[in-house]
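Novice: The file below is entry04.cif, mmCIF, C-alpha atoms:
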```
data_entry
loop_
_atom_site.label_atom_id
_atom_site.label_comp_id
_atom_site.auth_asym_id
_atom_site.auth_seq_id
_atom_site.Cartn_x
_atom_site.Cartn_y
_atom_site.Cartn_z
CA MET Z 229 -17.40 33.63 -74.61
CA ALA Z 230 -13.87 34.89 -75.19
CA GLU Z 231 -11.31 34.97 -72.38
CA GLN Z 232 -11.94 37.90 -70.05
CA ASN Z 233 -10.76 39.55 -66.84
CA GLN Z 234 -13.01 37.84 -64.37
CA ASN Z 235 -12.94 40.11 -61.30
CA VAL Z 236 -16.35 38.88 -60.18
CA GLU Z 237 -16.62 35.24 -59.30
CA PRO Z 238 -20.08 33.80 -60.04
CA SER Z 239 -21.82 32.30 -57.02
CA GLY Z 240 -22.05 28.80 -58.41
CA SER Z 241 -21.23 27.23 -61.75
CA VAL Z 242 -22.43 29.14 -64.80
CA ASP Z 243 -22.66 25.86 -66.66
CA GLU Z 244 -26.01 25.17 -65.04
CA PRO Z 245 -29.04 27.42 -65.66
CA ALA Z 246 -30.29 29.27 -62.58
CA ALA Z 247 -33.72 28.31 -61.24
CA GLY Z 248 -34.88 31.92 -61.02
CA TRP Z 249 -33.50 35.39 -60.40
CA LYS Z 250 -32.45 36.15 -56.84
CA PRO Z 251 -30.26 38.96 -55.51
CA THR Z 252 -26.78 38.04 -54.39
CA THR Z 253 -26.08 37.89 -50.66
CA GLU Z 254 -23.93 41.01 -50.96
CA ALA Z 255 -26.64 42.91 -52.85
CA LYS Z 256 -29.28 41.97 -50.30
CA SER Z 257 -27.01 43.10 -47.45
CA LYS Z 258 -26.25 46.38 -49.19
CA ALA Z 259 -29.96 46.96 -49.87
CA THR Z 260 -30.75 46.37 -46.19
CA THR Z 261 -28.12 48.93 -45.17
CA PHE Z 262 -29.50 51.51 -47.61
CA ARG Z 263 -33.03 50.94 -46.29
CA TRP Z 264 -31.99 51.39 -42.67
CA ILE Z 265 -30.17 54.63 -43.48
CA ALA Z 266 -33.17 55.86 -45.48
CA ALA Z 267 -35.50 55.00 -42.58
CA VAL Z 268 -33.32 56.99 -40.15
CA LEU Z 269 -33.24 60.00 -42.50
CA TRP Z 270 -37.01 59.87 -42.97
CA ALA Z 271 -37.51 59.62 -39.20
CA LEU Z 272 -35.36 62.73 -38.75
CA ALA Z 273 -37.40 64.55 -41.41
CA ILE Z 274 -40.66 63.75 -39.61
CA ALA Z 275 -39.09 64.69 -36.26
CA ALA Z 276 -38.07 68.06 -37.75
CA GLU Z 277 -41.65 68.50 -38.97
CA ALA Z 278 -42.91 67.79 -35.42
CA VAL Z 279 -40.53 70.41 -34.00
CA ALA Z 280 -41.84 72.94 -36.51
CA ILE Z 281 -45.50 72.14 -35.74
CA PHE Z 282 -45.44 71.77 -31.96
CA TRP Z 283 -42.82 74.38 -31.09
CA LEU Z 284 -41.79 76.72 -33.88
CA LEU Z 285 -45.24 77.65 -35.19
CA ARG Z 286 -46.37 78.42 -31.63
CA GLN Z 287 -43.79 81.17 -31.22
CA ARG Z 288 -45.18 84.71 -31.00
CA VAL Z 289 -44.29 88.14 -29.75
CA TYR Z 290 -46.74 90.77 -28.50
CA VAL Z 291 -46.70 94.29 -29.87
CA GLY Z 292 -48.48 97.22 -28.22
CA GLU Z 293 -48.70 95.80 -24.70
CA ASP Z 294 -49.61 99.23 -23.30
CA GLY Z 295 -53.09 98.96 -24.78
CA GLU Z 296 -56.24 99.46 -22.74
CA LEU Z 297 -59.09 97.17 -21.75
CA VAL Z 298 -62.41 97.80 -23.48
CA ARG Z 299 -65.74 95.99 -23.39
CA ASP Z 300 -67.06 94.48 -26.61
CA PRO Z 301 -70.72 95.53 -26.76
CA ASP Z 302 -71.65 92.51 -28.90
CA THR Z 303 -70.19 89.85 -26.62
CA GLY Z 304 -69.84 91.58 -23.30
CA LEU Z 305 -66.23 90.36 -23.12
CA LEU Z 306 -63.22 92.48 -22.26
CA GLU Z 307 -60.62 92.97 -24.96
CA ASP Z 308 -57.08 94.28 -24.71
CA ARG Z 309 -57.07 96.76 -27.56
CA GLY Z 310 -53.68 97.62 -28.98
CA VAL Z 311 -51.98 94.31 -28.13
CA VAL Z 312 -51.13 92.33 -31.29
CA ALA Z 313 -49.53 88.86 -31.49
CA GLU Z 314 -46.99 88.47 -34.28
CA PHE Z 315 -44.86 85.61 -35.56
CA PRO Z 316 -41.25 86.58 -34.77
CA GLN Z 317 -38.79 87.05 -37.61
CA TRP Z 318 -36.24 84.66 -36.11
CA ALA Z 319 -38.88 81.92 -36.05
CA PHE Z 320 -39.81 82.68 -39.66
CA VAL Z 321 -36.18 82.34 -40.82
CA THR Z 322 -35.79 79.16 -38.76
CA LEU Z 323 -38.96 77.77 -40.36
CA LEU Z 324 -37.56 78.32 -43.87
CA ILE Z 325 -34.30 76.60 -42.88
CA LEU Z 326 -36.23 73.72 -41.35
CA LEU Z 327 -38.24 73.26 -44.56
CA VAL Z 328 -35.01 72.93 -46.53
CA VAL Z 329 -33.60 70.47 -43.98
CA ILE Z 330 -36.77 68.34 -44.15
CA ALA Z 331 -36.56 68.29 -47.95
CA ALA Z 332 -32.86 67.31 -47.90
CA LEU Z 333 -33.50 64.46 -45.47
CA ALA Z 334 -36.55 63.20 -47.39
CA ILE Z 335 -34.82 63.35 -50.79
CA THR Z 336 -31.61 61.68 -49.60
CA GLY Z 337 -33.67 58.92 -48.01
CA SER Z 338 -35.62 58.43 -51.25
CA VAL Z 339 -32.45 58.16 -53.35
CA LEU Z 340 -31.04 55.50 -51.03
CA TRP Z 341 -34.38 53.65 -50.95
CA LYS Z 342 -34.47 53.53 -54.75
CA LYS Z 343 -30.92 52.16 -54.83
CA ALA Z 344 -32.00 49.45 -52.39
CA ASN Z 345 -34.98 48.55 -54.57
CA ARG Z 346 -32.74 48.11 -57.59
CA LEU Z 347 -30.53 45.72 -55.66
CA ASP Z 348 -33.39 43.79 -54.01
CA PRO Z 349 -36.69 44.50 -55.79
CA ALA Z 350 -40.21 43.44 -54.89
CA ARG Z 351 -42.37 41.14 -56.98
CA ARG Z 352 -44.89 42.93 -59.18
CA SER Z 353 -47.33 40.08 -58.50
CA GLU Z 354 -47.48 41.24 -54.84
CA THR Z 355 -49.42 44.36 -55.82
CA VAL Z 356 -49.73 46.22 -52.52
CA ARG Z 357 -46.18 45.54 -51.37
CA PHE Z 358 -44.82 46.38 -54.81
CA PHE Z 359 -46.58 49.77 -54.84
CA VAL Z 360 -45.68 50.73 -51.26
CA GLN Z 361 -42.05 49.58 -51.55
CA ASN Z 362 -41.44 51.50 -54.77
CA GLN Z 363 -43.40 54.67 -53.96
CA LEU Z 364 -42.55 54.95 -50.26
CA GLY Z 365 -40.28 57.93 -50.89
CA ALA Z 366 -43.18 59.96 -52.31
CA ILE Z 367 -45.45 58.86 -49.46
CA ILE Z 368 -42.91 59.95 -46.85
CA ALA Z 369 -42.47 63.31 -48.61
CA ILE Z 370 -46.22 63.95 -48.36
CA VAL Z 371 -46.28 62.92 -44.68
CA ALA Z 372 -43.27 65.12 -43.89
CA PHE Z 373 -44.65 68.24 -45.59
CA LEU Z 374 -48.44 68.29 -45.94
CA PRO Z 375 -49.47 68.78 -42.26
CA LEU Z 376 -46.81 71.48 -41.82
CA ILE Z 377 -47.87 73.36 -44.97
CA ILE Z 378 -51.52 73.28 -43.90
CA LEU Z 379 -50.67 74.64 -40.45
CA ILE Z 380 -48.52 77.40 -41.97
CA PHE Z 381 -51.52 78.70 -43.89
CA LEU Z 382 -53.75 78.35 -40.81
CA ASN Z 383 -51.35 80.19 -38.51
CA LYS Z 384 -53.10 83.35 -37.27
CA ASP Z 385 -49.96 85.08 -36.05
CA MET Z 386 -48.05 85.07 -39.34
CA SER Z 387 -48.25 88.08 -41.59
CA LYS Z 388 -49.60 87.64 -45.11
CA GLY Z 389 -46.09 87.94 -46.51
CA GLN Z 390 -44.69 85.31 -44.13
CA LYS Z 391 -47.48 82.86 -44.97
CA THR Z 392 -47.04 83.38 -48.70
CA THR Z 393 -43.27 82.94 -48.61
CA ALA Z 394 -43.21 79.95 -46.25
CA GLY Z 395 -46.18 78.34 -48.01
CA ILE Z 396 -44.64 78.63 -51.48
CA VAL Z 397 -41.25 77.37 -50.28
CA GLY Z 398 -42.95 74.44 -48.52
CA ILE Z 399 -45.07 73.51 -51.54
CA VAL Z 400 -42.13 73.69 -53.98
CA LEU Z 401 -39.91 71.58 -51.73
CA ALA Z 402 -42.72 69.10 -51.07
CA LEU Z 403 -43.36 68.67 -54.81
CA LEU Z 404 -39.63 68.26 -55.46
CA ALA Z 405 -39.27 65.63 -52.73
CA ALA Z 406 -42.41 63.79 -53.89
CA VAL Z 407 -41.35 63.72 -57.55
CA ILE Z 408 -37.88 62.45 -56.66
CA GLY Z 409 -39.49 59.88 -54.36
CA VAL Z 410 -41.69 58.47 -57.13
CA ASP Z 411 -40.25 55.56 -59.13
CA PHE Z 412 -41.80 55.87 -62.60
CA ASN Z 413 -40.30 52.59 -63.86
CA PRO Z 414 -39.67 50.50 -60.77
CA PRO Z 415 -37.56 47.33 -60.90
CA SER Z 416 -39.15 43.99 -60.14
CA VAL Z 417 -38.15 40.37 -59.71
CA GLU Z 418 -40.17 39.64 -62.86
CA LYS Z 419 -38.13 42.11 -64.94
CA TYR Z 420 -34.83 40.71 -63.75
CA THR Z 421 -36.08 37.14 -64.27
CA ALA Z 422 -37.04 37.94 -67.87
CA ASP Z 423 -33.54 39.25 -68.59
CA GLN Z 424 -31.97 36.24 -66.87
CA SER Z 425 -34.18 33.82 -68.81
CA ALA Z 426 -33.24 35.48 -72.09
CA VAL Z 427 -29.52 35.27 -71.24
CA ILE Z 428 -29.70 31.59 -70.35
CA GLN Z 429 -31.64 30.72 -73.51
CA LEU Z 430 -29.31 32.79 -75.73
CA LEU Z 431 -26.00 31.67 -74.19
CA GLY Z 432 -26.76 28.41 -72.41
CA ALA Z 433 -25.65 29.84 -69.03
CA ASP Z 434 -26.34 32.77 -66.72
CA GLU Z 435 -23.13 34.61 -67.60
CA VAL Z 436 -22.86 38.21 -68.79
CA VAL Z 437 -20.22 40.92 -69.20
CA TRP Z 438 -20.13 44.56 -68.09
CA VAL Z 439 -17.80 47.44 -67.34
CA ASP Z 440 -17.93 49.76 -64.35
CA GLY Z 441 -19.04 52.81 -66.30
CA GLY Z 442 -21.89 51.18 -68.21
CA ALA Z 443 -25.60 51.05 -67.38
CA VAL Z 444 -26.42 47.65 -68.92
CA TYR Z 445 -24.78 44.24 -69.22
CA HIS Z 446 -23.83 42.41 -72.41
CA VAL Z 447 -23.77 38.89 -73.82
CA CYS Z 448 -20.05 38.79 -74.66
CA ASP Z 449 -16.84 40.78 -74.26
CA GLU Z 450 -16.00 41.65 -77.88
CA VAL Z 451 -18.72 44.25 -78.47
CA SER Z 452 -17.74 47.87 -79.09
CA ASP Z 453 -19.81 49.29 -76.22
CA ILE Z 454 -17.43 47.86 -73.62
CA GLN Z 455 -14.16 48.55 -75.40
CA THR Z 456 -13.70 51.61 -73.20
CA GLY Z 457 -10.43 50.75 -71.53
CA SER Z 458 -12.25 49.91 -68.31
CA GLU Z 459 -11.80 46.46 -66.89
CA LYS Z 460 -14.34 43.94 -68.18
CA ARG Z 461 -16.17 41.99 -65.52
CA THR Z 462 -17.96 38.67 -65.89
CA GLY Z 463 -20.62 37.17 -63.68
CA THR Z 464 -24.26 36.23 -63.34
CA THR Z 465 -27.13 38.59 -64.07
CA ALA Z 466 -27.61 38.97 -60.30
CA GLN Z 467 -23.99 40.03 -59.92
CA ALA Z 468 -24.43 42.52 -62.76
CA VAL Z 469 -27.42 44.02 -60.93
CA GLU Z 470 -25.32 44.17 -57.75
CA ALA Z 471 -22.74 46.13 -59.76
CA GLY Z 472 -25.42 48.68 -60.73
CA LYS Z 473 -26.36 47.38 -64.19
CA SER Z 474 -30.12 47.66 -64.54
CA ARG Z 475 -30.87 45.34 -67.47
CA LEU Z 476 -29.72 43.26 -70.43
CA THR Z 477 -28.80 45.29 -73.50
CA LEU Z 478 -31.45 45.22 -76.22
CA LYS Z 479 -28.68 45.02 -78.86
CA PHE Z 480 -28.00 41.39 -77.97
CA ALA Z 481 -28.55 40.16 -81.55
CA SER Z 482 -25.78 42.31 -83.03
CA GLU Z 483 -23.57 41.42 -80.07
CA LEU Z 484 -24.07 37.70 -80.71
CA ARG Z 485 -23.07 38.21 -84.36
CA THR Z 486 -20.00 40.24 -83.35
CA CYS Z 487 -18.86 37.43 -81.05
CA GLY Z 488 -19.53 34.70 -83.62
CA LEU Z 489 -22.38 33.17 -81.62
CA ALA Z 490 -25.64 31.80 -82.96
CA VAL Z 491 -28.48 34.32 -83.33
CA PRO Z 492 -32.09 33.14 -82.96
CA GLU Z 493 -34.29 33.58 -86.01
CA ASN Z 494 -36.85 35.49 -83.94
CA ALA Z 495 -34.33 37.87 -82.32
CA GLU Z 496 -36.45 40.94 -83.15
CA GLU Z 497 -39.49 39.38 -81.49
CA ILE Z 498 -37.46 38.63 -78.34
CA GLU Z 499 -36.06 42.17 -78.35
CA GLU Z 500 -39.54 43.72 -78.53
CA ALA Z 501 -40.79 41.48 -75.72
CA LEU Z 502 -37.82 42.41 -73.52
CA ARG Z 503 -38.30 46.10 -74.31
CA SER Z 504 -41.91 45.82 -73.21
CA ILE Z 505 -41.11 43.89 -70.01
CA GLN Z 506 -38.24 46.21 -69.10
CA GLY Z 507 -40.66 49.10 -69.61
CA GLY Z 508 -43.05 47.68 -67.01
CA ALA Z 509 -45.47 45.52 -69.02
CA THR Z 510 -46.93 42.64 -67.04
CA ASP Z 511 -48.77 40.69 -69.74
CA THR Z 512 -45.99 40.26 -72.31
CA LEU Z 513 -44.87 36.73 -73.20
CA LEU Z 514 -41.11 36.24 -73.57
CA PRO Z 515 -40.79 34.12 -76.73
CA ALA Z 516 -38.57 31.05 -76.76
CA PRO Z 517 -35.67 31.47 -79.21
CA VAL Z 518 -36.15 29.81 -82.59
CA TRP Z 519 -32.83 28.32 -83.70
CA ALA Z 520 -31.49 26.91 -86.90
CA ASP Z 521 -30.81 23.18 -86.72
CA GLY Z 522 -28.06 22.40 -84.24
CA ALA Z 523 -27.56 26.03 -83.19
CA ALA Z 524 -29.39 26.03 -79.85
CA PRO Z 525 -26.94 26.51 -76.93
CA ILE Z 526 -29.41 24.90 -74.53
CA GLU Z 527 -32.64 22.93 -74.77
CA VAL Z 528 -35.38 23.98 -72.36
CA GLU Z 529 -38.68 22.14 -72.31
CA ASP Z 530 -42.01 23.80 -71.61
CA ALA Z 531 -43.46 23.13 -68.18
CA PRO Z 532 -46.42 20.73 -68.21
CA ALA Z 533 -49.82 22.39 -68.09
CA GLU Z 534 -51.47 22.27 -64.68
#
```
Step by step, read the file and then write its structure as structure tokens.

Specialist:
Amino acid sequence: MAEQNQNVEPSGSVDEPAAGWKPTTEAKSKATTFRWIAAVLWALAIAAEAVAIFWLLRQRVYVGEDGELVRDPDTGLLEDRGVVAEFPQWAFVTLLILLVVIAALAITGSVLWKKANRLDPARRSETVRFFVQNQLGAIIAIVAFLPLIILIFLNKDMSKGQKTTAGIVGIVLALLAAVIGVDFNPPSVEKYTADQSAVIQLLGADEVVWVDGGAVYHVCDEVSDIQTGSEKRTGTTAQAVEAGKSRLTLKFASELRTCGLAVPENAEEIEEALRSIQGGATDTLLPAPVWADGAAPIEVEDAPAE
């Protein structure tokens, strides 16, 4: 790899292959902070929902209090005819504002939670934890909105217009918060490990290059995609993830040629496998690179069968 501006110091020598992908200490700490902030925001959203349910929706004003008492011939009970309970306008406006606040808190929490998952992902092999950790934002959105929306439609004191307006606003905001909370292509330790394994086998070390404005990391510093004027940074795949780079570029073969490095004969097969794994596939085999004689940067033996 050509000489570069190394602003990121790898945690350990890049001359030795890593045993498996792990987040950096800094990434794990940052992810923990994001998760705590998200948890506080979600707690506030649910607290706001509780205020709306147990206080706001119980507000009412009585109209026509000068009515008279009459006896219902069917039940024998006295009724105060002319007195009508209504949901006050100030409470209706406050309810709409509270719905927006709940949505803002839930969505902000979901965005931070997703950032945390990209820094410190779950293992796809741990099915339940993987699902809950990656879709928790959508789950919280449902919890924060569904009971309140149901009670809005069941409220007997609201006018038809108030119910319709508040109900539609609640449903739209709930759907928005739930969709933003869903992670349609969640990160996983397995995805990051596949990228790391490919890097080590292609380069002989867990060392990649990226720039601050990019979304992916690269195999060397001479490729056109990072000739942007931004400072080039070098480090491990874990450090690239910490810097916000989600994956290895799939144009690694052309990058290897550009940098004068050996290209495996089955580069297209490796690219397709990585594309599939990065897309969420769980049953795709990452092929070992097939090299011309003497071109392999590192020799890795297959593990013995159990």

Novice: Convert the output of the PyMOL selection byres ((chain Z and resi 413) around 8) on the shown file into explicit residues, formatted as a PyMOL selection string.

Specialist: chain Z and resi 411-412+414-415+507-508

Novice: If the PyMOL selection byres ((chain Z and resi 317-333) around 10) is run on the structure shown, which residues does it catch, given as an MDAnalysis selection string?

Specialist: chainID Z and resid 266 268:277 279:281 283:289 314:316 334:338 369 372:373 376:377 380 386 390:391 393:395 397:406

Novice: Rank Z:Arg263, Z:Leu379, Z:Pro492, Z:Arg352 by their smallest atom-to-atom distance to Val339 in chain Z, using all atoms listed in the file, and report the top residue only.

Specialist: Z:Arg263

Novice: For CA of Leu347 in chain Z and CA of Ile367 in chain Z, quote the distance in Å rounded to one decimal.

Specialist: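 Straight-line distance from CA of Leu347 in chain Z to CA of Ile367 in chain Z works out to 20.8 Å.
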
Novice: In Å, how far is it from CA of Thr464 in chain Z to CA of Gln424 in chain Z?

Specialist: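 So the two atoms, CA of Thr464 in chain Z and CA of Gln424 in chain Z, lie 8.5 Å apart.
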
Novice: Given the file shown, enumerate the residues that the PyMOL selection byres ((chain Z and resi 350) around 8) captures and present them as a short mmCIF file (atom, residue, chain, number, x, y, z; two decimals) with C-alpha atoms, in the coordinates of the input.

Specialist:
```
data_model
loop_
_atom_site.label_atom_id
_atom_site.label_comp_id
_atom_site.auth_asym_id
_atom_site.auth_seq_id
_atom_site.Cartn_x
_atom_site.Cartn_y
_atom_site.Cartn_z
CA ASN Z 345 -34.98 48.55 -54.57
CA ASP Z 348 -33.39 43.79 -54.01
CA PRO Z 349 -36.69 44.50 -55.79
CA ARG Z 351 -42.37 41.14 -56.98
CA ARG Z 352 -44.89 42.93 -59.18
CA GLU Z 354 -47.48 41.24 -54.84
CA ARG Z 357 -46.18 45.54 -51.37
CA PHE Z 358 -44.82 46.38 -54.81
CA GLN Z 361 -42.05 49.58 -51.55
CA PRO Z 415 -37.56 47.33 -60.90
CA SER Z 416 -39.15 43.99 -60.14
CA VAL Z 417 -38.15 40.37 -59.71
#
```

Novice: Measure the distance from CA of Phe381 in chain Z to CA of Val407 in chain Z in Å and round it to one decimal.

Specialist: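 We find that CA of Phe381 in chain Z and CA of Val407 in chain Z lie 22.7 Å from each other.
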
Novice: Could you tell me which of Z:Val469, Z:Leu478, Z:Ala520, Z:Val491 comes closest to Glu254 in chain Z if we count all atoms listed in the file?

Specialist: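 Among the listed residues, Z:Val469 lies closest to Glu254 in chain Z.
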
Novice: Choose the residue, out of Z:Glu470, Z:Glu450, Z:Glu500, Z:Asp521, that has the smallest atom-to-atom separation from Thr486 in chain Z; count all atoms listed in the file.

Specialist: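 Ranking Z:Glu470, Z:Glu450, Z:Glu500, Z:Asp521 by distance to Thr486 in chain Z, first place goes to Z:Glu450.
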